[in-house]
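Beneath this line is the structure, given in structure tokens, with notes to follow.
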Amino acid sequence: MNTQGTLCQPIRLPRAALRQLLLIGALIPFPLTALAATVAEQNATELDTLTIEGNRLYDMAPSEQTGGYTVDSATVGTKTPAALRDIPQSITSYTSEYIKDRNFNTLDELAKSTAGLRVLTNDSGRSSIYSRGYEYDEYNIDGLPAPMTSIFGTVPILSPFDRVEIMRGPSGLFNSTSELGGIVNMVRKRGTDEFQGHITGRYGSWDTNYQEIDLAGPLSESKNVRGRFVASRADTNGEVDYNANTDQSYYGDLDIDLSDATQISFGLIHQVKNLTPHNGYPTDTQGNLLDFSQSRFLGADWNYFDGKTTDGIFELTHRFDNGGYGRIAARASHREADYLYAFTGGAVQANGNTSIRASTRDFEQDAYSLDASYSQPFEALGQVSEFVVGTDYKHYDTDYQNGNSVLGTVNVNSYSPTRFAKPARAYQTDFNSEDREFGLYSKVTFRPIERLALIGGARVSWYRGEAYTTTLASGAEAGESQKHSGFVTPYLGTVYDLDDYHSLYASYSKVYKPQSELDGQGKALDPREGDQYEVGIKGSYFNGDMNARLSIFQLTDENRAARPFDANGVAITTYSDSSGKTRVKGAEIEVSGKLTEQWEMLAGYTYMDTQNLSGDGNTLFEAMPKHMASLWTKYTLAGGPLTGLSIGGGVTAMSDFSQTNQTSGVTVSAPGYATVDAKFSYPVTKQLTATLDVNNLLDKEYWSRVGSVSTFNFQGPSRSVMVGARYDF
């Protein structure tokens, strides 16, 4: 248990003028540079028997500096940084080194190789990510949320971030209206006290290529101003014909120390996605998966998706003489997406015929979030405890026009993507929603004895939202505004240190999520209310270089929108009721970090059992396998002529899964699978490293996702090879 802080003096190293000019030159053309704060030393308040200092973990080094596949602390779901053993929920941090070793470009690519996270495959950067049966519908940047919607391509590119912190299970204390799946927090890369940088390039199967430049360093003699610039580009023609995918990311950051105790930070991230969407394959009328070639494309040659996201982040922090820590932070996000694509719109008949449909949308979204908090250590019963109080606000404004059409009937055996001319874009509906939430939160971590922490907190929230759909032809409008005031979401937890290496923990968390679905009278349904109970044991070994967790959890979700049925047992599709109740039970095991100085590992296993307790079934639960496992390990040779050679390998596996259409009752099922990946890395010089990656080494044929008889059935990619090089300055 971390009961007191430690003073950390920053290391001051000489700066080369040429390197400063290089970094300034990279930052100047960026549209808006960012100012970010590194942590300065803390002041201490002397008590009779204790020294209370600020939380030492505010001085935690970035994962790119500490290296390895684990960190000993996290910020997700806590507001104040805490050791992993001191957080009574399931937390995983995916470090800079792990992301680099696996060549992950987007968040959904990382999630595909993570036990406990289920990705419903789509194009890279447009896949849905689920945890414990529920979708992550937001992602945070340094604790500040904005929506994450797969169809609009707002799943982030990873190059601007030092690490990805993922919490499984709800966090109603700090975000009461989030989904039960949990929270994803992206921790930005920051400026550094000494110049550093690298250039990376990779090329492989299907003309897949990747380029990245990353520069960081001081911009003033006193090093109180530091900066960073990161740019990346990923491009592939895709294994599926026509399914090209290009994305670009640009990140600028400056760090300024206003004083030893006060720092200010701004950051800007701009990301662009341009691709030719591939919507998967249809089944036959009974839901049997068909044997299509891995390269088969059943869209149109004019399919396109263009998306842009821009995030601006501001942060002001101050360390008080009494050990307190204050933070004010804000995030503004703007998203745009424009697409038109064709896909199969029905099952394949016995004669090979199916229909081809087209879908188009013009999407725009603005999201704003603000958070202000204050944390303070205090002495009680001879121990150091801590409290945090704060307030936050978020405002999401979304608007899009939607259109669908049937292009015609084709035979899948002879269909060509050039069969249909590009149609004129025609919209049938306009959707607009606006959501606002304001909250007050407080949490106390009280230690009556050295080995025991009792954690209690509550959030009071006010929500106001409206969602309307307008039929453009008639002008008819459907929807309703709603308001929920003063609802409370409590949080309870406890952590007990068994010894210096192991801690038992238990927690209770609740969420309160308003719904936009309407009942038979045109009124918004009651909010969904969900809670989770979790117990487990965590271990930390080798001074935090190795972390392990065993957890057992149960989630219950009430008032979920469900389709009612008429007297004949036929589903009514014109309205919903709040009769749905579901339960998820499961267990997880995870190990991450160093087994030895040369041997790294990240491994996990998840068991999950989903139950529908009332209302029509939550069909997405069927897509969640009961068993998921992943393993990645890397060994670096030390000594001999091959010193520095790293050999990596891993397995990703899951049991069978399915999806049932509520209207037709047809189920599409796929068997479980396991794929093997491998990596070799060799330092040619002290600065230049060469890499070779082989994904799906055994060329396993498998289905990664099933959807309906008409679409969203995806085959996993075949074996692919990629060579690369990285040069470090």
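Identifiers for the structure tokens are assigned positionally: chains receive A, B, ... in sequence, residues are indexed from 1 per chain, and ligands are indexed from 1 in the order shown.
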- Message: Would you pick out the contacts of range 210-216 of chain A at 10 Å or less, using only C-alpha atoms, so that residues sharing its chain but fewer than 4 positions from it are not included, and give the list as an NGL selection string?
- Response: :A and (19-20 or 22-24 or 26-27 or 103 or 105 or 159-160 or 189-204 or 226-236 or 246-254 or 724-729)
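The residue set within 8 Å of Gly116 in chain A, counting only C-alpha atoms and dropping same-chain residues fewer than 4 places from it, reads Ser131, Arg132, Glu588, Gly604, Tyr605, Thr606, Met628 and Ala629 of chain A.
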Write out, as a PDB file, in the first residue's frame, the residues just selected, with C-alpha atoms.
```pdb
ATOM      1  CA  SER A 131     -15.699  -5.660 -22.517  1.00  0.00           C
ATOM      2  CA  ARG A 132     -17.765  -7.955 -20.301  1.00  0.00           C
ATOM      3  CA  GLU A 588     -10.174 -13.156 -15.433  1.00  0.00           C
ATOM      4  CA  GLY A 604      -4.570 -13.245 -20.004  1.00  0.00           C
ATOM      5  CA  TYR A 605      -7.611 -15.487 -19.886  1.00  0.00           C
ATOM      6  CA  THR A 606     -11.296 -14.530 -19.508  1.00  0.00           C
ATOM      7  CA  MET A 628     -10.914 -15.851 -24.518  1.00  0.00           C
ATOM      8  CA  ALA A 629      -7.166 -16.125 -24.088  1.00  0.00           C
TER       9      ALA A 629
END
```
- Query: What residues in range 480-577 of chain A get the DSSP label strand (DSSP E or B)? Please answer as a VMD selection string.
  - Reply: chain A and resid 480 to 497 502 to 513 518 524 528 to 541 546 to 562 565 571 577
- Identify, on the basis of only C-alpha atoms, every residue whose closest approach to range 358-365 of chain A does not exceed 10 Å; exclude the query and any residue fewer than 4 positions from it along the same chain; express the result as number ranges by chain. A: 147, 152, 299-300, 303-309, 333-345, 396-408, 422-423, 425-427, 429-434
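Proximity to Tyr496 in chain A was assessed for A:Ala330, A:Ala478, A:Leu219, A:Leu454 counting only C-alpha atoms; the smallest distance is recorded for A:Leu454.
The residues of range 539-670 of chain A that DSSP classifies as helix (DSSP H, G or I), using the backbone of this structure, are Thr619, Leu620, Phe621, Glu622 and Ala623 of chain A.
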Keeping only N, CA, C and O atoms, write the selected residues to a file as a CSV table (one decimal), in the first residue's frame.
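Printed below is again08.csv as written:
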```
chain,number,residue,atom,x,y,z
A,619,THR,N,-28.9,-9.8,-28.1
A,619,THR,CA,-28.3,-10.7,-29.1
A,619,THR,C,-26.8,-10.5,-29.2
A,619,THR,O,-26.0,-11.4,-29.6
A,620,LEU,N,-26.3,-9.3,-28.8
A,620,LEU,CA,-24.9,-9.0,-28.8
A,620,LEU,C,-24.1,-9.9,-27.8
A,620,LEU,O,-23.0,-10.2,-28.0
A,621,PHE,N,-24.8,-10.4,-26.7
A,621,PHE,CA,-24.2,-11.3,-25.8
A,621,PHE,C,-23.7,-12.6,-26.5
A,621,PHE,O,-22.8,-13.2,-26.1
A,622,GLU,N,-24.5,-13.0,-27.5
A,622,GLU,CA,-24.1,-14.2,-28.2
A,622,GLU,C,-22.8,-14.1,-28.9
A,622,GLU,O,-22.1,-15.1,-29.2
A,623,ALA,N,-22.4,-12.8,-29.3
A,623,ALA,CA,-21.1,-12.6,-30.0
A,623,ALA,C,-20.0,-12.6,-29.0
A,623,ALA,O,-18.8,-12.5,-29.4
```
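Our summary of the geometry notes that CA of Asn185 in chain A is positioned 27.1 Å from CA of Asn695 in chain A.
If you look at CA of Asp557 in chain A and CA of Leu525 in chain A, they are 14.3 Å away from each other.
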- Within 10 Å of range 505-511 of chain A, counting only C-alpha atoms, which residues show up once you throw out same-chain ones fewer than 5 positions away? Write them as number ranges by chain, please. A: 85-89, 169-180, 452-458, 488-497, 527-538, 551-557
- Determine, counting only C-alpha atoms, which protein, DNA and RNA residues have an atom within 10 Å of an atom of Asn288 in chain A; residues of the same chain fewer than 2 positions away are not included. Present the result as a list of chain:residue names. A:Pro282, A:Thr283, A:Asp284, A:Thr285, A:Gln286, A:Leu290, A:Asp291, A:Ala347, A:Val348, A:Val666, A:Thr667, A:Val668, A:Ser669, A:Ala670, A:Val709
Can those selected residues be exported to a file as an mmCIF file, in the first residue's frame so that it contains all heavy atoms?
```cif
data_model
loop_
_atom_site.group_PDB
_atom_site.id
_atom_site.type_symbol
_atom_site.label_atom_id
_atom_site.label_comp_id
_atom_site.auth_asym_id
_atom_site.auth_seq_id
_atom_site.Cartn_x
_atom_site.Cartn_y
_atom_site.Cartn_z
ATOM 1 N N PRO A 282 -22.523 -12.307 -46.928
ATOM 2 C CA PRO A 282 -23.818 -12.864 -46.528
ATOM 3 C C PRO A 282 -23.705 -14.363 -46.276
ATOM 4 O O PRO A 282 -22.686 -14.992 -46.587
ATOM 5 C CB PRO A 282 -24.700 -12.578 -47.749
ATOM 6 C CG PRO A 282 -23.741 -12.664 -48.904
ATOM 7 C CD PRO A 282 -22.418 -12.139 -48.389
ATOM 8 N N THR A 283 -24.752 -14.947 -45.701
ATOM 9 C CA THR A 283 -24.860 -16.396 -45.533
ATOM 10 C C THR A 283 -25.950 -16.911 -46.461
ATOM 11 O O THR A 283 -26.572 -16.143 -47.198
ATOM 12 C CB THR A 283 -25.228 -16.746 -44.081
ATOM 13 O OG1 THR A 283 -26.598 -16.377 -43.847
ATOM 14 C CG2 THR A 283 -24.340 -16.026 -43.087
ATOM 15 N N ASP A 284 -26.216 -18.216 -46.404
ATOM 16 C CA ASP A 284 -27.399 -18.718 -47.092
ATOM 17 C C ASP A 284 -28.631 -18.430 -46.227
ATOM 18 O O ASP A 284 -28.523 -17.833 -45.147
ATOM 19 C CB ASP A 284 -27.260 -20.200 -47.439
ATOM 20 C CG ASP A 284 -27.190 -21.111 -46.215
ATOM 21 O OD1 ASP A 284 -27.582 -20.678 -45.106
ATOM 22 O OD2 ASP A 284 -26.753 -22.272 -46.362
ATOM 23 N N THR A 285 -29.805 -18.828 -46.678
ATOM 24 C CA THR A 285 -31.045 -18.474 -45.974
ATOM 25 C C THR A 285 -31.162 -19.134 -44.613
ATOM 26 O O THR A 285 -31.940 -18.685 -43.768
ATOM 27 C CB THR A 285 -32.261 -18.847 -46.834
ATOM 28 O OG1 THR A 285 -32.182 -20.239 -47.176
ATOM 29 C CG2 THR A 285 -32.298 -18.008 -48.112
ATOM 30 N N GLN A 286 -30.404 -20.208 -44.361
ATOM 31 C CA GLN A 286 -30.432 -20.877 -43.060
ATOM 32 C C GLN A 286 -29.360 -20.343 -42.103
ATOM 33 O O GLN A 286 -29.227 -20.831 -40.982
ATOM 34 C CB GLN A 286 -30.233 -22.392 -43.224
ATOM 35 C CG GLN A 286 -31.449 -23.113 -43.780
ATOM 36 C CD GLN A 286 -31.612 -22.880 -45.272
ATOM 37 O OE1 GLN A 286 -30.646 -22.985 -46.028
ATOM 38 N NE2 GLN A 286 -32.828 -22.576 -45.701
ATOM 39 N N LEU A 290 -20.710 -19.142 -45.918
ATOM 40 C CA LEU A 290 -20.362 -19.609 -47.252
ATOM 41 C C LEU A 290 -18.861 -19.485 -47.476
ATOM 42 O O LEU A 290 -18.167 -18.697 -46.827
ATOM 43 C CB LEU A 290 -21.127 -18.805 -48.305
ATOM 44 C CG LEU A 290 -22.657 -18.859 -48.171
ATOM 45 C CD1 LEU A 290 -23.316 -17.936 -49.184
ATOM 46 C CD2 LEU A 290 -23.153 -20.295 -48.335
ATOM 47 N N ASP A 291 -18.366 -20.259 -48.422
ATOM 48 C CA ASP A 291 -16.928 -20.354 -48.677
ATOM 49 C C ASP A 291 -16.518 -19.331 -49.733
ATOM 50 O O ASP A 291 -16.404 -19.643 -50.915
ATOM 51 C CB ASP A 291 -16.567 -21.766 -49.131
ATOM 52 C CG ASP A 291 -15.063 -21.961 -49.251
ATOM 53 O OD1 ASP A 291 -14.323 -21.140 -48.681
ATOM 54 O OD2 ASP A 291 -14.642 -22.923 -49.916
ATOM 55 N N ALA A 347 -29.807 -12.556 -47.664
ATOM 56 C CA ALA A 347 -29.178 -13.876 -47.722
ATOM 57 C C ALA A 347 -29.007 -14.311 -49.175
ATOM 58 O O ALA A 347 -29.712 -13.839 -50.078
ATOM 59 C CB ALA A 347 -30.020 -14.884 -46.958
ATOM 60 N N VAL A 348 -28.077 -15.221 -49.396
ATOM 61 C CA VAL A 348 -27.859 -15.787 -50.729
ATOM 62 C C VAL A 348 -28.875 -16.906 -50.953
ATOM 63 O O VAL A 348 -28.935 -17.865 -50.179
ATOM 64 C CB VAL A 348 -26.423 -16.312 -50.867
ATOM 65 C CG1 VAL A 348 -26.226 -16.956 -52.233
ATOM 66 C CG2 VAL A 348 -25.415 -15.182 -50.645
ATOM 67 N N VAL A 666 -33.128 -16.407 -37.236
ATOM 68 C CA VAL A 666 -32.022 -17.162 -37.823
ATOM 69 C C VAL A 666 -30.728 -16.842 -37.071
ATOM 70 O O VAL A 666 -30.413 -15.681 -36.821
ATOM 71 C CB VAL A 666 -31.855 -16.830 -39.315
ATOM 72 C CG1 VAL A 666 -30.643 -17.554 -39.896
ATOM 73 C CG2 VAL A 666 -33.113 -17.210 -40.085
ATOM 74 N N THR A 667 -29.995 -17.893 -36.717
ATOM 75 C CA THR A 667 -28.732 -17.743 -35.996
ATOM 76 C C THR A 667 -27.562 -18.041 -36.915
ATOM 77 O O THR A 667 -27.565 -19.041 -37.638
ATOM 78 C CB THR A 667 -28.682 -18.684 -34.785
ATOM 79 O OG1 THR A 667 -29.737 -18.360 -33.881
ATOM 80 C CG2 THR A 667 -27.347 -18.566 -34.060
ATOM 81 N N VAL A 668 -26.568 -17.167 -36.883
ATOM 82 C CA VAL A 668 -25.316 -17.378 -37.611
ATOM 83 C C VAL A 668 -24.245 -17.699 -36.578
ATOM 84 O O VAL A 668 -24.048 -16.935 -35.626
ATOM 85 C CB VAL A 668 -24.920 -16.138 -38.427
ATOM 86 C CG1 VAL A 668 -23.660 -16.421 -39.246
ATOM 87 C CG2 VAL A 668 -26.064 -15.698 -39.339
ATOM 88 N N SER A 669 -23.558 -18.830 -36.756
ATOM 89 C CA SER A 669 -22.577 -19.293 -35.764
ATOM 90 C C SER A 669 -21.226 -19.519 -36.416
ATOM 91 O O SER A 669 -21.132 -19.847 -37.612
ATOM 92 C CB SER A 669 -23.049 -20.597 -35.108
ATOM 93 O OG SER A 669 -24.292 -20.420 -34.463
ATOM 94 N N ALA A 670 -20.175 -19.354 -35.606
ATOM 95 C CA ALA A 670 -18.806 -19.612 -36.071
ATOM 96 C C ALA A 670 -18.057 -20.365 -34.984
ATOM 97 O O ALA A 670 -18.268 -20.123 -33.794
ATOM 98 C CB ALA A 670 -18.092 -18.317 -36.409
ATOM 99 N N VAL A 709 -27.711 -12.724 -41.765
ATOM 100 C CA VAL A 709 -27.689 -13.485 -43.022
ATOM 101 C C VAL A 709 -27.268 -12.602 -44.184
ATOM 102 O O VAL A 709 -26.839 -13.108 -45.230
ATOM 103 C CB VAL A 709 -29.073 -14.119 -43.307
ATOM 104 C CG1 VAL A 709 -29.431 -15.143 -42.252
ATOM 105 C CG2 VAL A 709 -30.163 -13.041 -43.428
#
```
- Message: Can you tell me which residues surround Pro417 in chain A at a distance of at most 9 Å, considering only C-alpha atoms, apart from same-chain residues fewer than 3 positions away, and format the answer as a PyMOL selection string?
- Response: chain A and resi 242+297-302+420
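For the residues A:Asp101, A:Asp500, A:Asp207, A:Asp616, ranking by smallest atom-to-atom distance to Gly650 in chain A using only C-alpha atoms places A:Asp101 first.
Residues in contact with Asn411 in chain A at up to 7 Å, not including ones fewer than 4 positions away on its chain and judged by only C-alpha atoms, are Gly352, Asn353, Thr354 and Tyr415 of chain A.
Closest approach to Thr78 in chain A from the set A:Lys443, A:Arg563, A:His318, A:Arg296 is made by A:Lys443, with distances taken over only C-alpha atoms.
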- Message: From the options A:Lys523, A:Leu472, A:Asp255, A:Pro683, which residue's atoms come nearest to Ser220 in chain A, counting only C-alpha atoms?
- Response: A:Asp255
- Query: For Thr633 in chain A, which residue out of A:Phe680, A:Phe438, A:Phe542, A:Phe378 is the nearest one, using only C-alpha atoms?
  - Reply: A:Phe680
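With distances restricted to only C-alpha atoms, A:Lys394 is the closest residue to Glu138 in chain A from A:Ser90, A:Arg319, A:Ala74, A:Lys394.
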